[in-house]
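Engineer: Attaching a single structure in structure tokens format; questions to follow.
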Amino acid sequence: MIGLFKRTAVMQSDSRSTHRFYTGVAVLLALTQFACATGSGNPATAAPLPDAVNIAANVLAVGIGLLVLMPRTRALGGLLAALNMVASMFTNYEVDGFDYFLQVLVFDVSSLALALLVLWHYRDDLRDTFRSVP
């Protein structure tokens, strides 16, 4: 468990300012995932998704946010956050309608950009995510 909080190879090779910048980006990404978990779907939708689907999406977003905060799983969290945001945008458009899609588009694209930035920077750590000794 302690291994999840140790600095990864990418973090060790980063300069101090680079490490601070990408840690800040990771914290912002985690906050966007936690914000996603505060509610799923437009309450004004004529045919909303079942509550179980919305609850599962909220739990998934919290889990992704936690993965992003732990150094060892940060790259995996970035990948899952990007996939989650693409799925969210698709659902917003298909289920909730074009007006709701436009309302949350800036948030969704911003969160997707943060996820891709985290994934890109920590991409070399991705292969070590499931190894017992990186």
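Labels for the structure tokens follow display order: chains A, B, ..., residues from 1 in each chain, ligands from 1.
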Residues near segment 21-27 of chain A, anyone? I mean within 10 Å using only C-alpha atoms, not counting same-chain ones fewer than 4 positions away, as a PyMOL selection string.

Structural biologist: chain A and resi 11+14-17+31-33+65-71+74-75+77-78+114-115+117-119+121-122

Engineer: Check the DSSP output for the backbone and give back, as a ChimeraX atom specification, the residues of segment 7-132 of chain A in alpha helix (DSSP H).

Structural biologist: /A:9-13,16-36,51-69,74-94,98-121

Engineer: Would you work out the distance separating atom CA of Ala9 of chain A from atom CA of Arg123 of chain A, expressed in Å to one decimal?

Structural biologist: 10.8 Å

Engineer: Provide the atom CA of Gly39 of chain A to atom CA of Ala57 of chain A distance in Å, to one decimal place.

Structural biologist: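 Separation between atom CA of Gly39 of chain A and atom CA of Ala57 of chain A: 9.0 Å.
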
Engineer: Using only C-alpha atoms, pick whichever of A:Asn92, A:Gly97, A:Leu29, A:Gln12 has the shortest atom-to-atom distance to Ala113 of chain A.

Structural biologist: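 Under the stated criterion, the closest residue is A:Leu29.
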
Engineer: Hey, which of A:Ala35, A:Leu112, A:Val95, A:Met89 ends up closest to Leu49 of chain A? Count only C-alpha atoms.

Structural biologist: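 Looking only at the distances to Leu49 of chain A, the closest residue turns out to be A:Val95.
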
Engineer: Pick out the closest residue to Asp125 of chain A from this set: A:Leu80, A:Val62, A:Val10, A:Leu4. Count only C-alpha atoms.

Structural biologist: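 Closest candidate: A:Val10.
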
Engineer: Enter the distance from atom CA of Asp124 of chain A to atom CA of Thr8 of chain A, in Å, rounded to one decimal.

Structural biologist: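 That distance, rounded to one decimal, is 9.5 Å.
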
Engineer: Given the choices A:Asp128, A:Leu116, A:Ser88, A:Pro50, which gets closest to Phe101 of chain A if the distance is worked out from only C-alpha atoms?

Structural biologist: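 Distance minimum relative to Phe101 of chain A lands on A:Ser88.
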
Engineer: Give me the residues near Val53 of chain A as a list in words, where near means some atom within 12 Å (using only C-alpha atoms) and where sequence neighbours in that chain fewer than 4 positions away do not count.

Structural biologist: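 The filter keeps Gly39, Ser40, Gly41, Pro48, Leu49, Ala57, Asn58, Val59, Leu60 and Thr91 of chain A.
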